[in-house]
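Engineer: Pasting work_38.txt below, which is compact mmCIF, C-alpha atoms and all ligand atoms.
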```
# COMPACT_ATOMS: atom_id res chain seq x y z
CA MET A 16 0.00 0.00 0.00
CA LYS A 17 1.46 3.39 -1.02
CA ARG A 18 1.53 5.79 1.91
CA VAL A 19 0.95 9.54 1.82
CA LEU A 20 1.61 12.03 4.60
CA ILE A 21 -0.85 14.95 4.78
CA THR A 22 -0.40 17.89 7.12
CA GLY A 23 -3.55 19.55 8.38
CA GLY A 24 -5.67 16.46 7.77
CA SER A 25 -8.15 17.19 10.54
CA LYS A 26 -10.59 19.29 8.49
CA GLY A 27 -11.15 21.29 5.31
CA LEU A 28 -9.02 20.47 2.30
CA GLY A 29 -6.65 18.16 4.20
CA LEU A 30 -9.53 15.98 5.37
CA ALA A 31 -10.97 15.88 1.84
CA VAL A 32 -7.57 14.85 0.43
CA ALA A 33 -7.29 12.14 3.09
CA GLY A 34 -10.74 10.90 2.00
CA VAL A 35 -10.06 10.76 -1.75
CA LEU A 36 -6.66 9.13 -1.26
CA ALA A 37 -7.99 6.51 1.17
CA ALA A 38 -10.84 5.78 -1.25
CA SER A 39 -8.23 5.26 -4.00
CA GLY A 40 -6.39 2.68 -1.91
CA TYR A 41 -3.57 4.76 -0.42
CA GLY A 42 -2.50 4.53 3.20
CA VAL A 43 -2.89 7.99 4.70
CA ILE A 44 -0.93 9.46 7.59
CA THR A 45 -2.28 12.78 8.86
CA VAL A 46 -0.78 15.30 11.24
CA SER A 47 -2.68 18.12 12.90
CA ARG A 48 -2.95 19.61 16.37
CA SER A 49 -6.34 17.99 16.91
CA ILE A 50 -8.02 14.76 15.89
CA THR A 51 -11.52 15.71 14.78
CA GLU A 52 -14.71 13.73 14.51
CA GLY A 53 -14.41 13.98 10.72
CA LEU A 54 -11.02 12.29 10.87
CA ARG A 55 -12.30 9.60 13.26
CA ASN A 56 -15.23 8.90 10.93
CA LEU A 57 -12.85 8.58 7.99
CA ALA A 58 -10.68 6.11 9.93
CA GLU A 59 -13.80 4.03 10.65
CA ARG A 60 -14.84 4.12 7.00
CA TYR A 61 -11.41 2.98 5.77
CA PRO A 62 -10.07 0.62 8.44
CA GLY A 63 -6.29 0.26 8.38
CA ARG A 64 -5.85 3.08 5.86
CA ILE A 65 -5.84 6.18 8.10
CA GLU A 66 -3.22 6.84 10.74
CA ALA A 67 -3.85 10.17 12.52
CA HIS A 68 -1.15 11.86 14.59
CA GLU A 69 -1.44 14.87 16.85
CA LEU A 70 1.52 17.07 15.98
CA ASP A 71 2.09 20.80 15.68
CA VAL A 72 3.99 21.39 12.44
CA CYS A 73 6.04 24.08 14.21
CA ASP A 74 7.27 21.61 16.84
CA TYR A 75 10.48 20.71 15.00
CA GLU A 76 11.87 18.82 18.01
CA SER A 77 9.23 16.14 17.50
CA TYR A 78 10.02 15.57 13.80
CA GLN A 79 12.95 13.20 14.31
CA ASP A 80 10.92 10.84 16.45
CA PHE A 81 7.84 11.12 14.21
CA PHE A 82 9.73 10.36 11.01
CA SER A 83 11.72 7.50 12.49
CA ARG A 84 8.39 5.95 13.56
CA ILE A 85 6.76 6.26 10.16
CA ARG A 86 9.88 4.99 8.41
CA LEU A 87 9.58 1.76 10.40
CA PHE A 88 6.86 0.86 7.92
CA ASP A 89 7.21 1.14 4.15
CA GLY A 90 8.46 4.68 3.73
CA LEU A 91 6.44 7.35 2.01
CA HIS A 92 5.17 7.63 -1.54
CA GLY A 93 3.61 11.06 -1.13
CA PHE A 94 3.59 14.23 0.93
CA VAL A 95 0.85 16.89 0.87
CA ALA A 96 1.95 20.08 2.64
CA ASN A 97 -1.47 21.49 3.40
CA ALA A 98 -1.54 22.72 7.01
CA ALA A 99 -1.80 26.49 7.19
CA THR A 100 -3.07 29.34 9.23
CA GLY A 101 -5.06 32.27 7.90
CA TYR A 102 -3.86 35.81 8.45
CA ALA A 103 -6.02 38.68 7.27
CA ARG A 104 -4.71 42.10 8.28
CA ILE A 105 -3.30 44.97 6.26
CA LEU A 106 0.47 45.16 6.61
CA THR A 107 0.73 48.06 9.04
CA LEU A 108 -1.79 46.56 11.47
CA GLY A 109 -0.05 43.25 12.07
CA GLY A 110 2.49 42.80 14.86
CA VAL A 111 5.76 40.91 14.57
CA PRO A 112 4.57 37.81 16.55
CA ASP A 113 1.59 37.40 14.17
CA ILE A 114 3.79 37.85 11.10
CA ARG A 115 6.30 35.32 12.45
CA ASN A 116 3.57 32.79 13.20
CA CYS A 117 2.07 33.11 9.72
CA VAL A 118 5.42 32.60 7.99
CA GLU A 119 6.40 29.83 10.43
CA VAL A 120 3.27 27.72 9.90
CA ASN A 121 2.74 28.44 6.20
CA LEU A 122 6.32 28.37 4.92
CA THR A 123 9.14 27.55 7.34
CA SER A 124 7.55 24.41 8.76
CA VAL A 125 6.85 23.17 5.22
CA ILE A 126 10.53 23.57 4.31
CA VAL A 127 11.69 21.81 7.49
CA MET A 128 9.25 18.93 7.05
CA ALA A 129 10.08 18.59 3.35
CA ARG A 130 13.74 17.99 4.32
CA HIS A 131 12.70 14.91 6.29
CA VAL A 132 10.32 13.72 3.60
CA VAL A 133 12.84 14.10 0.77
CA LYS A 134 15.49 12.16 2.73
CA GLY A 135 13.00 9.31 3.06
CA MET A 136 12.16 9.39 -0.67
CA MET A 137 15.74 9.51 -1.88
CA HIS A 138 15.87 5.84 -2.90
CA GLY A 139 12.30 5.09 -3.94
CA GLY A 140 11.17 8.46 -5.35
CA GLY A 141 7.83 10.05 -4.52
CA SER A 142 5.41 12.87 -5.15
CA ILE A 143 5.19 16.07 -3.13
CA VAL A 144 2.31 18.53 -3.38
CA PHE A 145 2.51 21.95 -1.80
CA ILE A 146 -0.78 23.75 -1.23
CA SER A 147 -0.27 27.40 -2.12
CA SER A 148 -3.05 29.94 -2.64
CA VAL A 149 -4.51 32.23 -5.26
CA ALA A 150 -3.40 34.99 -2.86
CA ALA A 151 0.17 34.27 -4.03
CA LYS A 152 -0.81 35.24 -7.60
CA ASN A 153 -3.33 38.05 -7.12
CA GLY A 154 -2.89 41.06 -4.89
CA THR A 155 -5.54 40.97 -2.16
CA VAL A 156 -6.02 43.59 0.52
CA GLY A 157 -5.17 42.16 3.95
CA LEU A 158 -3.31 39.11 2.70
CA SER A 159 0.22 40.47 2.13
CA VAL A 160 1.94 38.31 4.78
CA TYR A 161 -0.06 35.20 3.95
CA ALA A 162 0.61 35.84 0.23
CA ALA A 163 4.35 36.16 0.85
CA ALA A 164 4.44 32.79 2.62
CA LYS A 165 2.29 31.08 -0.02
CA ALA A 166 4.36 32.60 -2.88
CA GLY A 167 7.46 31.23 -1.15
CA LEU A 168 6.05 27.73 -1.65
CA LEU A 169 5.89 28.25 -5.43
CA GLY A 170 9.63 28.96 -5.68
CA PHE A 171 10.48 26.27 -3.14
CA SER A 172 8.50 23.66 -5.07
CA ARG A 173 10.22 24.41 -8.38
CA ALA A 174 13.69 24.28 -6.80
CA VAL A 175 12.91 20.95 -5.05
CA ALA A 176 11.66 19.59 -8.39
CA ARG A 177 15.04 20.47 -9.97
CA GLU A 178 17.18 19.33 -7.05
CA TYR A 179 15.61 15.87 -6.69
CA GLY A 180 14.11 15.06 -10.09
CA SER A 181 17.01 12.70 -10.79
CA ARG A 182 15.95 10.75 -7.69
CA GLY A 183 12.43 10.25 -9.01
CA ILE A 184 11.00 12.82 -6.63
CA ARG A 185 8.37 15.12 -8.15
CA ALA A 186 7.30 18.41 -6.56
CA ASN A 187 4.26 20.41 -7.63
CA CYS A 188 1.93 23.06 -6.28
CA VAL A 189 -1.83 23.27 -6.19
CA ILE A 190 -3.13 26.83 -6.09
CA PRO A 191 -6.67 26.82 -4.70
CA GLY A 192 -9.04 29.73 -5.00
CA TYR A 193 -11.61 30.50 -2.33
CA MET A 194 -13.08 27.34 -0.80
CA ASP A 195 -15.86 26.99 1.70
CA THR A 196 -13.87 25.85 4.76
CA ASP A 197 -13.18 27.11 8.29
CA MET A 198 -10.44 29.33 6.87
CA THR A 199 -12.98 31.43 4.95
CA LYS A 200 -15.88 31.38 7.41
CA SER A 201 -15.15 34.95 8.50
CA ILE A 202 -15.89 36.25 4.97
CA ASP A 203 -19.37 37.80 5.12
CA GLU A 204 -22.12 37.32 2.51
CA HIS A 205 -21.15 40.55 0.74
CA GLY A 206 -17.57 39.31 0.38
CA ARG A 207 -18.75 35.90 -0.82
CA GLU A 208 -20.92 37.52 -3.45
CA ARG A 209 -17.94 39.53 -4.71
CA ILE A 210 -15.90 36.30 -4.97
CA ARG A 211 -18.72 34.54 -6.84
CA ARG A 212 -19.02 37.45 -9.30
CA ARG A 213 -15.29 37.38 -10.02
CA THR A 214 -15.16 33.59 -10.43
CA ALA A 215 -15.77 32.30 -13.98
CA LEU A 216 -17.67 29.28 -12.65
CA GLY A 217 -19.76 31.53 -10.40
CA ARG A 218 -19.25 29.81 -7.06
CA LEU A 219 -16.76 29.25 -4.26
CA GLY A 220 -14.94 25.94 -4.47
CA CYS A 221 -15.46 23.08 -2.08
CA ALA A 222 -12.60 21.07 -0.61
CA GLY A 223 -13.45 18.10 -2.85
CA ASP A 224 -12.92 20.21 -6.01
CA VAL A 225 -9.32 20.79 -5.05
CA ALA A 226 -8.69 17.38 -3.44
CA ASP A 227 -9.11 15.70 -6.84
CA CYS A 228 -6.27 17.84 -8.25
CA VAL A 229 -4.06 16.75 -5.36
CA LYS A 230 -4.97 13.11 -6.02
CA TYR A 231 -3.90 13.52 -9.66
CA LEU A 232 -0.51 14.95 -8.65
CA ILE A 233 0.08 12.20 -6.08
CA SER A 234 -0.87 9.46 -8.55
CA ASP A 235 1.23 8.02 -11.38
CA ASP A 236 -1.15 9.68 -13.85
CA SER A 237 1.02 12.75 -13.35
CA ARG A 238 4.34 10.82 -13.65
CA PHE A 239 5.84 13.37 -16.11
CA VAL A 240 4.58 16.44 -14.22
CA THR A 241 7.02 18.20 -11.91
CA GLY A 242 7.86 21.81 -11.06
CA ALA A 243 4.31 22.66 -12.13
CA GLU A 244 1.36 24.49 -10.68
CA ILE A 245 -2.31 23.62 -11.01
CA VAL A 246 -4.65 26.53 -10.38
CA ALA A 247 -7.95 25.23 -8.99
CA ASP A 248 -9.91 28.43 -8.50
CA GLY A 249 -12.95 28.11 -10.78
CA GLY A 250 -11.47 30.84 -12.96
CA PHE A 251 -11.10 33.43 -10.19
CA SER A 252 -7.68 34.52 -11.46
CA CYS A 253 -8.09 33.98 -15.22
N1 LIG B 301 -9.97 27.93 2.22
C1 LIG B 301 -9.56 28.67 1.20
O1 LIG B 301 -10.31 29.46 0.61
C2 LIG B 301 -8.14 28.52 0.70
C3 LIG B 301 -7.78 29.25 -0.44
C4 LIG B 301 -6.51 29.12 -0.94
C5 LIG B 301 -5.61 28.27 -0.33
N2 LIG B 301 -5.98 27.59 0.79
C6 LIG B 301 -4.99 26.69 1.38
O2 LIG B 301 -5.55 25.38 1.42
C7 LIG B 301 -5.02 24.67 2.54
C8 LIG B 301 -6.15 24.11 3.37
O3 LIG B 301 -6.95 25.18 3.83
P1 LIG B 301 -8.34 24.94 4.55
O4 LIG B 301 -9.25 25.94 4.00
O5 LIG B 301 -8.68 23.50 4.52
O6 LIG B 301 -7.97 25.38 6.04
P2 LIG B 301 -8.62 24.97 7.45
O7 LIG B 301 -9.99 24.43 7.26
O8 LIG B 301 -8.40 26.14 8.34
O9 LIG B 301 -7.67 23.75 7.91
C9 LIG B 301 -6.32 23.99 8.22
C10 LIG B 301 -5.68 22.68 8.64
O10 LIG B 301 -4.34 22.97 9.05
C11 LIG B 301 -4.11 22.43 10.34
N3 LIG B 301 -3.13 23.23 11.06
C12 LIG B 301 -3.14 24.58 11.24
N4 LIG B 301 -2.09 24.94 11.98
C13 LIG B 301 -1.41 23.79 12.27
C14 LIG B 301 -0.24 23.51 13.02
N5 LIG B 301 0.47 24.49 13.62
N6 LIG B 301 0.17 22.22 13.12
C15 LIG B 301 -0.52 21.22 12.52
N7 LIG B 301 -1.63 21.42 11.79
C16 LIG B 301 -2.07 22.70 11.68
C17 LIG B 301 -5.49 22.43 11.00
O11 LIG B 301 -5.57 21.41 11.99
P3 LIG B 301 -5.58 21.69 13.58
O12 LIG B 301 -6.30 22.99 13.80
O13 LIG B 301 -6.26 20.48 14.11
O14 LIG B 301 -4.13 21.73 13.94
C18 LIG B 301 -6.38 22.04 9.82
O15 LIG B 301 -6.39 20.63 9.65
C19 LIG B 301 -4.15 25.67 3.27
O16 LIG B 301 -2.80 25.49 2.87
C20 LIG B 301 -4.66 27.02 2.82
O17 LIG B 301 -3.67 28.02 2.92
C21 LIG B 301 -7.22 27.70 1.32
```
Spit out the file's structure as structure tokens when you get a sec.
Ligand SMILES: NC(=O)c1ccc[n+]([C@@H]2O[C@H](COP(=O)([O-])OP(=O)(O)OC[C@H]3O[C@@H](n4cnc5c(N)ncnc54)[C@H](OP(=O)(O)O)[C@@H]3O)[C@@H](O)[C@H]2O)c1

Structural biologist:
Amino acid sequence: MKRVLITGGSKGLGLAVAGVLAASGYGVITVSRSITEGLRNLAERYPGRIEAHELDVCDYESYQDFFSRIRLFDGLHGFVANAATGYARILTLGGVPDIRNCVEVNLTSVIVMARHVVKGMMHGGGSIVFISSVAAKNGTVGLSVYAAAKAGLLGFSRAVAREYGSRGIRANCVIPGYMDTDMTKSIDEHGRERIRRRTALGRLGCAGDVADCVKYLISDDSRFVTGAEIVADGGFSC
């Protein structure tokens, strides 16, 4: 059974990705700070395919132990760097601790975890998917710090694709547009209407819309795709 590590698998997009991958026969390892009912239900639905770990992606001290435990099994085929924190504040209103936290969760922790993942894939290859954001492509008021972290993932992904392509490791980004998840629940109806009007397909995405793109990049159907970006935003940015 091919195994895929997903960060932020407790809800939203991460939970949807865990669901589509488990349904396709993958073994799924999730990390998040909490184990939700949604994740427990998924584990019941796919016995033996979901392994959920409570781990804060910024707790680097725990990585060594975590990765040596998961390497005891078969190693990893895939990694989906999905965990993230929202940050909506215009630049001059945010304090340094908030800025640090946003960059730490959304970029630095991804780089640190990818180091461990890549080491484990060095002999058998694998597929890595970084979840960026349409905010990295389009200027959006209030999202400058979040956008900087998410844009960092685009450059990181391309460089990883070049550095480790010869080892059979692929690295790609998925760029979601607005999805109906906890991260966007603070957007009021007026804001949602503006997003719908700007989106070619006329609606916000759901986590499942984007999860299928991630599944494609994890699977061998995308075996010649690396250093690429898939925009899954319903035409918000076209
Ligand atoms: N929703 C959107 O409109 C949208 C648009 C563009 C891009 N994205 C991107 O899509 C991805 C998924 O977003 P979403 O909407 O599904 O977000 P979400 O519903 O807020 O879920 C975020 C996930 O990240 C986990 N997480 C957050 N901080 C963590 C930490 N320090 N350690 C471990 N896990 C942590 C959360 O789990 P715990 O709270 O249990 O730790 C949760 O599982 C993110 O990368 C986001 O930036 C979202």

Engineer: Within 8 Å of ligand LIG 301 (chain B) (counting all atoms listed in the file), which residues show up? I'd like them as a count of residues only.

Structural biologist: 47

Engineer: Could you check how far atom CA of A:Lys17 sits from atom CA of A:His131, in Å to one decimal?

Structural biologist: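 Between atom CA of A:Lys17 and atom CA of A:His131 the gap is 17.7 Å.
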
Engineer: Using all atoms listed in the file, which of the listed residues (A:Asp236, A:Glu244, A:Asp113, A:Asp227) sits closest to A:Gly170?

Structural biologist: A:Glu244

Engineer: Provide the atom CA of A:Leu169 to atom CA of A:Ile114 distance in Å, to one decimal place.

Structural biologist: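 Computing the Euclidean distance for atom CA of A:Leu169 and atom CA of A:Ile114 yields 19.2 Å.
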
Engineer: For a quick check of your reading of the model, name the residues lying within 12 Å of the coordinate (3.9, 4.5, 3.8), counting all atoms listed in the file, and write them as a PyMOL selection string.

Structural biologist: chain A and resi 16-21+40-45+63-66+82+84-94+132+135-136+139+141

Engineer: One decimal, in Å: what's the spacing between atom CA of A:Arg218 and atom CA of A:Gly249?

Structural biologist: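 A separation of 7.5 Å between them.
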
Engineer: When you count all atoms listed in the file, which of these residues is closest to A:Ser201: A:Ala103, A:Arg115, A:Ala129, A:Ala58?

Structural biologist: A:Ala103

Engineer: Would you pick out the contacts of A:Tyr179 at 9 Å or less, using only C-alpha atoms, so that residues sharing its chain but fewer than 4 positions from it are not included, and give the list as a VMD selection string?

Structural biologist: chain A and resid 133 137 140 174 to 175 183 to 186

Engineer: Can you work out which one of A:Thr155, A:Asp203, A:Val32, A:Glu76 has the shortest atom-to-atom distance to A:Cys228, counting all atoms listed in the file?

Structural biologist: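 Checking each candidate against A:Cys228, we get A:Val32 as the closest.
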
Engineer: Each side padded by 5 Å, which centre and which edge lengths in Å (one decimal) define the axis-aligned box around the listed atoms of stretch 101-119 of chain A? Give them as JSON.

Structural biologist:
```
{"center_x": 0.2, "center_y": 38.9, "center_z": 11.4, "size_x": 22.4, "size_y": 28.2, "size_z": 20.3}
```
